[in-house]
file target_3.tsv (TSV, C-alpha atoms)
chain	number	residue	atom	x	y	z
A	822	MET	CA	-1.99	17.36	35.91
A	823	SER	CA	1.25	16.31	37.57
A	824	VAL	CA	4.51	15.90	35.65
A	825	LYS	CA	4.91	12.50	37.30
A	826	ASN	CA	2.76	9.44	36.82
A	827	THR	CA	0.30	8.39	39.50
A	828	PRO	CA	-1.19	4.94	40.19
A	829	ASN	CA	-4.23	5.92	38.10
A	830	ARG	CA	-2.83	7.87	35.16
A	831	TYR	CA	0.25	9.06	33.30
A	832	GLY	CA	1.77	12.45	33.98
A	833	TRP	CA	1.95	15.15	31.32
A	834	LEU	CA	5.62	14.47	30.48
A	835	SER	CA	4.97	10.78	29.74
A	836	ILE	CA	1.92	11.73	27.68
A	837	ALA	CA	3.81	14.39	25.72
A	838	LEU	CA	6.70	12.02	24.98
A	839	HIS	CA	4.34	9.20	23.97
A	840	TRP	CA	2.16	11.14	21.51
A	841	SER	CA	4.93	13.31	20.03
A	842	MET	CA	7.08	10.26	19.34
A	843	ALA	CA	4.12	8.31	17.97
A	844	LEU	CA	3.36	11.07	15.46
A	845	ALA	CA	7.04	11.48	14.59
A	846	VAL	CA	7.53	7.74	13.99
A	847	VAL	CA	4.56	7.61	11.58
A	848	GLY	CA	5.79	10.77	9.85
A	849	MET	CA	9.34	9.41	9.57
A	850	PHE	CA	8.07	6.16	8.08
A	851	ALA	CA	6.03	8.07	5.49
A	852	LEU	CA	9.03	10.31	4.73
A	853	GLY	CA	11.29	7.29	4.33
A	854	VAL	CA	8.91	5.59	1.90
A	855	TRP	CA	8.51	8.82	-0.05
A	856	MET	CA	12.29	9.39	-0.26
A	857	ARG	CA	12.77	6.04	-2.00
A	858	GLU	CA	10.79	7.36	-4.97
A	859	LEU	CA	12.87	10.52	-5.43
A	860	SER	CA	15.08	10.81	-8.49
A	861	TYR	CA	18.54	12.37	-8.55
A	862	TYR	CA	17.16	15.57	-10.11
A	863	ASP	CA	14.32	15.96	-7.63
A	864	PRO	CA	14.76	19.12	-5.47
A	865	TRP	CA	14.14	16.99	-2.35
A	866	TYR	CA	16.75	14.36	-3.30
A	867	LYS	CA	19.20	15.83	-0.77
A	868	ASP	CA	16.86	17.81	1.48
A	869	GLY	CA	14.59	14.82	2.19
A	870	PRO	CA	17.35	12.60	3.60
A	871	ALA	CA	18.85	15.56	5.50
A	872	LEU	CA	15.48	16.17	7.16
A	873	HIS	CA	15.05	12.46	7.87
A	874	LYS	CA	18.48	12.28	9.53
A	875	SER	CA	17.93	15.40	11.64
A	876	ILE	CA	14.56	14.26	12.92
A	877	GLY	CA	16.03	10.81	13.56
A	878	ILE	CA	18.76	12.22	15.81
A	879	VAL	CA	16.22	14.31	17.74
A	880	LEU	CA	14.01	11.24	18.11
A	881	PHE	CA	16.95	9.23	19.40
A	882	GLY	CA	17.51	11.85	22.08
A	883	LEU	CA	13.81	11.79	23.02
A	884	LEU	CA	13.90	8.00	23.13
A	885	ILE	CA	16.75	8.10	25.65
A	886	VAL	CA	14.85	10.66	27.75
A	887	ARG	CA	11.70	8.56	27.55
A	888	THR	CA	13.54	5.39	28.54
A	889	VAL	CA	15.19	7.07	31.54
A	890	TRP	CA	11.91	8.68	32.58
A	891	ARG	CA	10.11	5.33	32.28
A	892	ASN	CA	12.64	3.72	34.60
A	893	VAL	CA	12.78	6.43	37.28
A	894	ASN	CA	9.06	7.16	37.28
A	895	MET	CA	6.31	4.94	38.60
A	896	ARG	CA	4.08	3.13	36.13
A	897	PRO	CA	0.29	3.44	36.49
A	898	ASN	CA	-1.48	0.28	37.58
A	899	ASP	CA	-2.95	-1.98	34.94
A	900	ASP	CA	-6.71	-1.87	34.64
A	901	PRO	CA	-8.09	-4.52	37.04
A	902	ALA	CA	-10.27	-5.89	34.24
A	903	LEU	CA	-7.23	-6.96	32.21
A	904	LYS	CA	-6.57	-10.68	31.95
A	905	VAL	CA	-3.13	-12.09	32.79
A	906	TRP	CA	-2.27	-12.78	29.14
A	907	GLU	CA	-3.28	-9.22	28.22
A	908	ARG	CA	-0.96	-7.77	30.85
A	909	ILE	CA	1.94	-9.95	29.71
A	910	SER	CA	1.41	-9.25	25.99
A	911	ALA	CA	1.12	-5.51	26.65
A	912	HIS	CA	4.40	-5.44	28.59
A	913	LEU	CA	6.19	-7.53	25.96
A	914	THR	CA	4.89	-5.26	23.19
A	915	HIS	CA	6.23	-2.19	25.01
A	916	ILE	CA	9.65	-3.82	25.41
A	917	ALA	CA	9.65	-4.79	21.71
A	918	LEU	CA	8.71	-1.24	20.68
A	919	TYR	CA	11.61	0.25	22.63
A	920	ALA	CA	14.09	-2.38	21.38
A	921	VAL	CA	13.07	-1.96	17.74
A	922	MET	CA	13.22	1.85	17.96
A	923	PHE	CA	16.74	1.78	19.39
A	924	ALA	CA	17.95	-0.73	16.79
A	925	LEU	CA	16.23	1.18	13.97
A	926	MET	CA	17.88	4.46	14.91
A	927	ILE	CA	21.32	2.89	15.34
A	928	ALA	CA	20.97	1.31	11.88
A	929	GLY	CA	19.99	4.72	10.50
A	930	TYR	CA	23.06	6.26	12.09
A	931	LEU	CA	25.30	3.60	10.51
A	932	ILE	CA	23.79	4.31	7.08
A	933	SER	CA	24.30	8.05	7.40
A	934	THR	CA	27.89	7.84	8.66
A	935	ALA	CA	29.10	4.99	6.44
A	936	ASP	CA	31.23	7.40	4.40
A	937	GLY	CA	32.79	8.94	7.50
A	938	ARG	CA	30.85	12.20	7.33
A	939	ALA	CA	29.11	13.61	10.40
A	940	ILE	CA	25.32	14.08	10.53
A	941	GLU	CA	24.24	17.72	10.49
A	942	VAL	CA	21.18	18.22	12.69
A	943	PHE	CA	19.12	21.17	11.44
A	944	GLY	CA	22.31	23.23	11.33
A	945	TRP	CA	22.32	23.28	15.15
A	946	PHE	CA	25.07	20.74	15.75
A	947	SER	CA	26.66	17.70	14.15
A	948	VAL	CA	26.93	14.09	15.27
A	949	PRO	CA	30.34	12.59	14.37
A	950	ALA	CA	30.84	9.32	12.53
A	951	THR	CA	32.30	7.01	15.15
A	952	LEU	CA	32.05	3.79	13.14
A	953	HIS	CA	32.48	3.88	9.38
A	954	ASP	CA	34.12	2.35	6.30
A	955	LEU	CA	33.04	-1.16	7.26
A	956	PRO	CA	32.52	-3.56	4.33
A	957	GLU	CA	29.10	-2.86	2.74
A	958	GLN	CA	28.13	-0.87	5.82
A	959	GLU	CA	25.62	1.36	4.06
A	960	ASP	CA	23.88	-1.48	2.18
A	961	ILE	CA	23.65	-3.87	5.15
A	962	ALA	CA	22.56	-1.16	7.58
A	963	GLY	CA	20.07	0.04	4.97
A	964	GLU	CA	18.43	-3.37	4.67
A	965	ILE	CA	18.24	-3.73	8.46
A	966	HIS	CA	16.84	-0.21	8.77
A	967	GLU	CA	14.06	-0.93	6.27
A	968	ILE	CA	13.10	-4.25	7.89
A	969	LEU	CA	13.03	-2.68	11.35
A	970	ALA	CA	10.95	0.26	10.07
A	971	TRP	CA	8.25	-2.13	8.86
A	972	CYS	CA	8.48	-4.09	12.13
A	973	LEU	CA	8.03	-0.87	14.11
A	974	ILE	CA	4.97	0.17	12.11
A	975	LEU	CA	3.49	-3.31	12.54
A	976	LEU	CA	4.09	-3.29	16.30
A	977	ALA	CA	2.76	0.27	16.62
A	978	SER	CA	-0.36	-0.71	14.66
A	979	VAL	CA	-1.00	-3.71	16.92
A	980	HIS	CA	-0.41	-1.47	19.95
A	981	ALA	CA	-2.87	1.16	18.65
A	982	LEU	CA	-5.52	-1.41	17.71
A	983	ALA	CA	-5.24	-3.03	21.14
A	984	ALA	CA	-5.72	0.37	22.81
A	985	LEU	CA	-8.80	1.08	20.68
A	986	LYS	CA	-10.16	-2.39	21.43
A	987	HIS	CA	-9.79	-1.79	25.16
A	988	HIS	CA	-11.43	1.63	24.86
A	989	PHE	CA	-14.41	0.85	22.62
A	990	ILE	CA	-15.05	-2.86	23.27
A	991	ASN	CA	-13.77	-3.57	26.78
A	992	ARG	CA	-14.47	0.03	27.82
A	993	ASP	CA	-11.67	0.01	30.37
A	994	SER	CA	-9.21	2.76	31.34
A	995	THR	CA	-6.18	1.59	29.31
A	996	LEU	CA	-6.31	4.38	26.71
A	997	LEU	CA	-7.78	6.98	29.06
A	998	LYS	CA	-4.66	6.91	31.25
A	999	MET	CA	-2.51	7.95	28.30
A	1000	LEU	CA	-4.98	10.75	27.58
A	1001	GLY	CA	-4.46	12.15	31.07
A	1002	ARG	CA	-7.72	10.85	32.51
A	1003	ASP	CA	-7.87	9.34	35.98
A	1004	ALA	CA	-8.52	5.60	35.74
A	1005	ALA	CA	-10.24	5.58	39.14
A	1006	LEU	CA	-12.98	7.79	37.69
A	1007	HIS	CA	-13.59	5.44	34.74
A	1008	PRO	CA	-13.91	1.84	35.97
A	1009	ALA	CA	-14.54	-0.81	33.34
A	1010	PRO	CA	-18.12	-2.17	33.18
A	1011	SER	CA	-16.86	-5.65	34.07
A	1012	THR	CA	-15.26	-4.26	37.23
A	1013	ILE	CA	-18.47	-2.47	38.22
A	1014	LYS	CA	-20.49	-5.69	37.81
A	1015	LYS	CA	-17.93	-7.64	39.83
A	1016	GLU	CA	-18.06	-5.11	42.66
A	1017	ALA	CA	-21.87	-5.08	42.56
A	1018	LYS	CA	-21.98	-8.87	43.04
A	1019	GLU	CA	-19.63	-8.65	45.99

call {"tool": "encode", "arguments": {"input": "target_3.tsv", "output": "structure tokens"}}
result
Amino acid sequence: MSVKNTPNRYGWLSIALHWSMALAVVGMFALGVWMRELSYYDPWYKDGPALHKSIGIVLFGLLIVRTVWRNVNMRPNDDPALKVWERISAHLTHIALYAVMFALMIAGYLISTADGRAIEVFGWFSVPATLHDLPEQEDIAGEIHEILAWCLILLASVHALAALKHHFINRDSTLLKMLGRDAALHPAPSTIKKEAKE
């Protein structure tokens, strides 16, 4: 499999970035919900947020790489069986996912650096606080972060359900391309019937 995308499928780098970030986003959401239940005397009261911040910074870096790669690399063709409204809604959902992820991570950064302290990333390096001590910065950024987290999970769920619908009901190549399969080898039944009539 090529590192680059082709007209019929995604390359291995796009696939690796997609699935690793998808798993990380779900894990981060679960970790964030779990952290809210921790008490001051819980052994994970400090370690949980530290882990959340470190993964968040790594994810932000991956998001930048993924965005750049998406813009310099070709995008596989949409399945010919897709309707116009499905193509438009899919593209808009992708844009919304990227926008929400960027905003979510920036809000997380503003929470973590509100007191002026840098973010330690797994002890490897630190990210300095460039904007801090704003009025109610931690509280406002925290509320935004929580709202965006729920929005991201909602969008990701819709995205996943749509992919499953295309795979099991429409039986087209939408999901197969992100699994590294060649779309040309798996035409949708509706496309086969159309070609047979012609």

call {"tool": "closest_atom_pairs", "arguments": {"input": "target_3.tsv", "of": "stretch 893-1003 of chain A", "to": "stretch 846-856 of chain A", "cutoff": "12 Å", "atoms": "all atoms listed in the file", "output": "CSV"}}
result
residue,atom,partner,partner_atom,distance
A:Leu918,CA,A:Val846,CA,11.3
A:Val921,CA,A:Val846,CA,11.8
A:Met922,CA,A:Val846,CA,9.1
A:Leu925,CA,A:Val846,CA,10.9
A:Met926,CA,A:Val846,CA,10.9
A:Gly929,CA,A:Gly853,CA,11.0
A:Gly963,CA,A:Gly853,CA,11.4
A:His966,CA,A:Gly853,CA,10.3
A:Glu967,CA,A:Gly853,CA,8.9
A:Ile968,CA,A:Phe850,CA,11.6
A:Leu969,CA,A:Phe850,CA,10.7
A:Ala970,CA,A:Phe850,CA,6.9
A:Trp971,CA,A:Phe850,CA,8.3
A:Cys972,CA,A:Phe850,CA,11.0
A:Leu973,CA,A:Val846,CA,8.6
A:Ile974,CA,A:Val847,CA,7.5
A:Leu975,CA,A:Val847,CA,11.0
A:Leu976,CA,A:Val846,CA,11.8
A:Ala977,CA,A:Val847,CA,9.1
A:Ser978,CA,A:Val847,CA,10.1

call {"tool": "atom_distance", "arguments": {"input": "target_3.tsv", "atom1": "atom CA of A:Ile990", "atom2": "atom CA of A:His839"}}
result
22.8 Å

call {"tool": "residues_around", "arguments": {"input": "target_3.tsv", "residues": "stretch 871-888 of chain A", "least_positions_apart": "4", "cutoff": "10 Å", "atoms": "only C-alpha atoms", "output": "mmCIF file with C-alpha atoms, in the coordinates of the input"}}
result
data_model
loop_
_atom_site.group_PDB
_atom_site.id
_atom_site.type_symbol
_atom_site.label_atom_id
_atom_site.label_comp_id
_atom_site.auth_asym_id
_atom_site.auth_seq_id
_atom_site.Cartn_x
_atom_site.Cartn_y
_atom_site.Cartn_z
ATOM 1 C CA LEU A 834 5.620 14.470 30.480
ATOM 2 C CA SER A 835 4.970 10.780 29.740
ATOM 3 C CA ALA A 837 3.810 14.390 25.720
ATOM 4 C CA LEU A 838 6.700 12.020 24.980
ATOM 5 C CA HIS A 839 4.340 9.200 23.970
ATOM 6 C CA SER A 841 4.930 13.310 20.030
ATOM 7 C CA MET A 842 7.080 10.260 19.340
ATOM 8 C CA ALA A 845 7.040 11.480 14.590
ATOM 9 C CA VAL A 846 7.530 7.740 13.990
ATOM 10 C CA GLY A 848 5.790 10.770 9.850
ATOM 11 C CA MET A 849 9.340 9.410 9.570
ATOM 12 C CA PHE A 850 8.070 6.160 8.080
ATOM 13 C CA LEU A 852 9.030 10.310 4.730
ATOM 14 C CA GLY A 853 11.290 7.290 4.330
ATOM 15 C CA MET A 856 12.290 9.390 -0.260
ATOM 16 C CA TRP A 865 14.140 16.990 -2.350
ATOM 17 C CA TYR A 866 16.750 14.360 -3.300
ATOM 18 C CA LYS A 867 19.200 15.830 -0.770
ATOM 19 C CA ASN A 892 12.640 3.720 34.600
ATOM 20 C CA VAL A 893 12.780 6.430 37.280
ATOM 21 C CA ASN A 894 9.060 7.160 37.280
ATOM 22 C CA TYR A 919 11.610 0.250 22.630
ATOM 23 C CA MET A 922 13.220 1.850 17.960
ATOM 24 C CA PHE A 923 16.740 1.780 19.390
ATOM 25 C CA LEU A 925 16.230 1.180 13.970
ATOM 26 C CA MET A 926 17.880 4.460 14.910
ATOM 27 C CA ILE A 927 21.320 2.890 15.340
ATOM 28 C CA GLY A 929 19.990 4.720 10.500
ATOM 29 C CA TYR A 930 23.060 6.260 12.090
ATOM 30 C CA ILE A 932 23.790 4.310 7.080
ATOM 31 C CA SER A 933 24.300 8.050 7.400
ATOM 32 C CA ILE A 940 25.320 14.080 10.530
ATOM 33 C CA GLU A 941 24.240 17.720 10.490
ATOM 34 C CA VAL A 942 21.180 18.220 12.690
ATOM 35 C CA PHE A 943 19.120 21.170 11.440
ATOM 36 C CA GLY A 944 22.310 23.230 11.330
ATOM 37 C CA TRP A 945 22.320 23.280 15.150
ATOM 38 C CA PHE A 946 25.070 20.740 15.750
ATOM 39 C CA SER A 947 26.660 17.700 14.150
ATOM 40 C CA VAL A 948 26.930 14.090 15.270
#

call {"tool": "atom_distance", "arguments": {"input": "target_3.tsv", "atom1": "atom CA of A:Leu996", "atom2": "atom CA of A:Ala924"}}
result
26.7 Å

call {"tool": "atom_distance", "arguments": {"input": "target_3.tsv", "atom1": "atom CA of A:Gly1001", "atom2": "atom CA of A:Trp840"}}
result
11.7 Å

call {"tool": "closest_residue", "arguments": {"input": "target_3.tsv", "among": "A:Thr827, A:Trp890, A:His980, A:Leu985", "to": "A:Ala843", "atoms": "only C-alpha atoms"}}
result
A:His980

call {"tool": "closest_residue", "arguments": {"input": "target_3.tsv", "among": "A:Ala950, A:Ala928, A:Ala911, A:Ala939", "to": "A:Ala984", "atoms": "only C-alpha atoms"}}
result
A:Ala911

call {"tool": "decode", "arguments": {"input": "target_3.tsv", "residues": "stretch 977-1006 of chain A", "atoms": "N, CA, C and O atoms", "output": "short mmCIF file (atom, residue, chain, number, x, y, z; two decimals), in the first residue's frame"}}
result
data_model
loop_
_atom_site.label_atom_id
_atom_site.label_comp_id
_atom_site.auth_asym_id
_atom_site.auth_seq_id
_atom_site.Cartn_x
_atom_site.Cartn_y
_atom_site.Cartn_z
N ALA A 977 -18.53 12.81 15.64
CA ALA A 977 -17.82 11.56 15.34
C ALA A 977 -18.79 10.39 15.28
O ALA A 977 -18.63 9.48 14.45
N SER A 978 -19.81 10.41 16.14
CA SER A 978 -20.81 9.34 16.14
C SER A 978 -21.62 9.35 14.85
O SER A 978 -21.87 8.30 14.24
N VAL A 979 -22.02 10.54 14.42
CA VAL A 979 -22.76 10.67 13.16
C VAL A 979 -21.89 10.20 12.00
O VAL A 979 -22.35 9.48 11.10
N HIS A 980 -20.62 10.60 12.02
CA HIS A 980 -19.66 10.21 11.00
C HIS A 980 -19.51 8.68 10.94
O HIS A 980 -19.54 8.08 9.85
N ALA A 981 -19.38 8.05 12.11
CA ALA A 981 -19.21 6.60 12.18
C ALA A 981 -20.48 5.87 11.72
O ALA A 981 -20.41 4.89 10.98
N LEU A 982 -21.64 6.36 12.17
CA LEU A 982 -22.90 5.73 11.77
C LEU A 982 -23.13 5.85 10.27
O LEU A 982 -23.63 4.91 9.63
N ALA A 983 -22.76 6.99 9.70
CA ALA A 983 -22.90 7.18 8.25
C ALA A 983 -22.00 6.20 7.51
O ALA A 983 -22.41 5.60 6.50
N ALA A 984 -20.77 6.00 8.00
CA ALA A 984 -19.85 5.06 7.36
C ALA A 984 -20.40 3.64 7.42
O ALA A 984 -20.33 2.89 6.44
N LEU A 985 -20.95 3.26 8.57
CA LEU A 985 -21.53 1.92 8.72
C LEU A 985 -22.76 1.75 7.83
O LEU A 985 -22.98 0.68 7.26
N LYS A 986 -23.55 2.82 7.71
CA LYS A 986 -24.73 2.78 6.85
C LYS A 986 -24.32 2.56 5.40
O LYS A 986 -24.92 1.74 4.68
N HIS A 987 -23.28 3.27 4.96
CA HIS A 987 -22.81 3.11 3.59
C HIS A 987 -22.24 1.70 3.36
O HIS A 987 -22.37 1.15 2.25
N HIS A 988 -21.62 1.14 4.39
CA HIS A 988 -20.98 -0.17 4.24
C HIS A 988 -22.00 -1.31 4.24
O HIS A 988 -21.94 -2.21 3.39
N PHE A 989 -22.93 -1.28 5.21
CA PHE A 989 -23.84 -2.42 5.38
C PHE A 989 -25.17 -2.28 4.64
O PHE A 989 -25.79 -3.29 4.30
N ILE A 990 -25.61 -1.04 4.42
CA ILE A 990 -26.90 -0.84 3.74
C ILE A 990 -26.71 -0.50 2.27
O ILE A 990 -27.23 -1.18 1.38
N ASN A 991 -25.92 0.56 2.01
CA ASN A 991 -25.66 0.94 0.62
C ASN A 991 -24.65 0.01 -0.05
O ASN A 991 -24.62 -0.09 -1.27
N ARG A 992 -23.81 -0.60 0.78
CA ARG A 992 -22.78 -1.53 0.30
C ARG A 992 -21.87 -0.88 -0.74
O ARG A 992 -21.54 -1.48 -1.75
N ASP A 993 -21.48 0.37 -0.45
CA ASP A 993 -20.55 1.04 -1.36
C ASP A 993 -19.14 1.02 -0.76
O ASP A 993 -18.90 0.35 0.24
N SER A 994 -18.22 1.75 -1.37
CA SER A 994 -16.80 1.65 -0.99
C SER A 994 -16.34 2.72 0.00
O SER A 994 -15.15 2.85 0.25
N THR A 995 -17.28 3.49 0.56
CA THR A 995 -16.91 4.62 1.43
C THR A 995 -16.01 4.19 2.58
O THR A 995 -14.95 4.78 2.81
N LEU A 996 -16.41 3.19 3.33
CA LEU A 996 -15.62 2.72 4.48
C LEU A 996 -14.41 1.92 4.03
O LEU A 996 -13.33 2.01 4.63
N LEU A 997 -14.58 1.15 2.96
CA LEU A 997 -13.48 0.29 2.50
C LEU A 997 -12.23 1.09 2.16
O LEU A 997 -11.11 0.64 2.39
N LYS A 998 -12.42 2.30 1.61
CA LYS A 998 -11.26 3.12 1.24
C LYS A 998 -10.42 3.49 2.45
O LYS A 998 -9.20 3.58 2.38
N MET A 999 -11.08 3.71 3.60
CA MET A 999 -10.34 4.05 4.82
C MET A 999 -9.80 2.80 5.51
O MET A 999 -9.07 2.90 6.48
N LEU A 1000 -10.13 1.65 4.99
CA LEU A 1000 -9.57 0.39 5.49
C LEU A 1000 -8.45 -0.11 4.57
O LEU A 1000 -7.93 -1.21 4.74
N GLY A 1001 -8.11 0.73 3.57
CA GLY A 1001 -7.02 0.38 2.68
C GLY A 1001 -7.42 -0.47 1.50
O GLY A 1001 -6.57 -0.96 0.76
N ARG A 1002 -8.73 -0.66 1.30
CA ARG A 1002 -9.20 -1.47 0.18
C ARG A 1002 -9.39 -0.60 -1.06
O ARG A 1002 -9.75 0.57 -0.95
N ASP A 1003 -9.17 -1.17 -2.21
CA ASP A 1003 -9.30 -0.44 -3.47
C ASP A 1003 -10.77 -0.35 -3.86
O ASP A 1003 -11.43 -1.37 -4.06
N ALA A 1004 -11.29 0.87 -3.96
CA ALA A 1004 -12.71 1.07 -4.28
C ALA A 1004 -13.08 0.49 -5.63
O ALA A 1004 -14.21 0.05 -5.84
N ALA A 1005 -12.14 0.48 -6.57
CA ALA A 1005 -12.43 -0.02 -7.91
C ALA A 1005 -12.75 -1.52 -7.90
O ALA A 1005 -13.41 -2.03 -8.79
N LEU A 1006 -12.27 -2.21 -6.86
CA LEU A 1006 -12.51 -3.65 -6.76
C LEU A 1006 -13.81 -3.98 -6.03
O LEU A 1006 -14.20 -5.14 -5.95
#
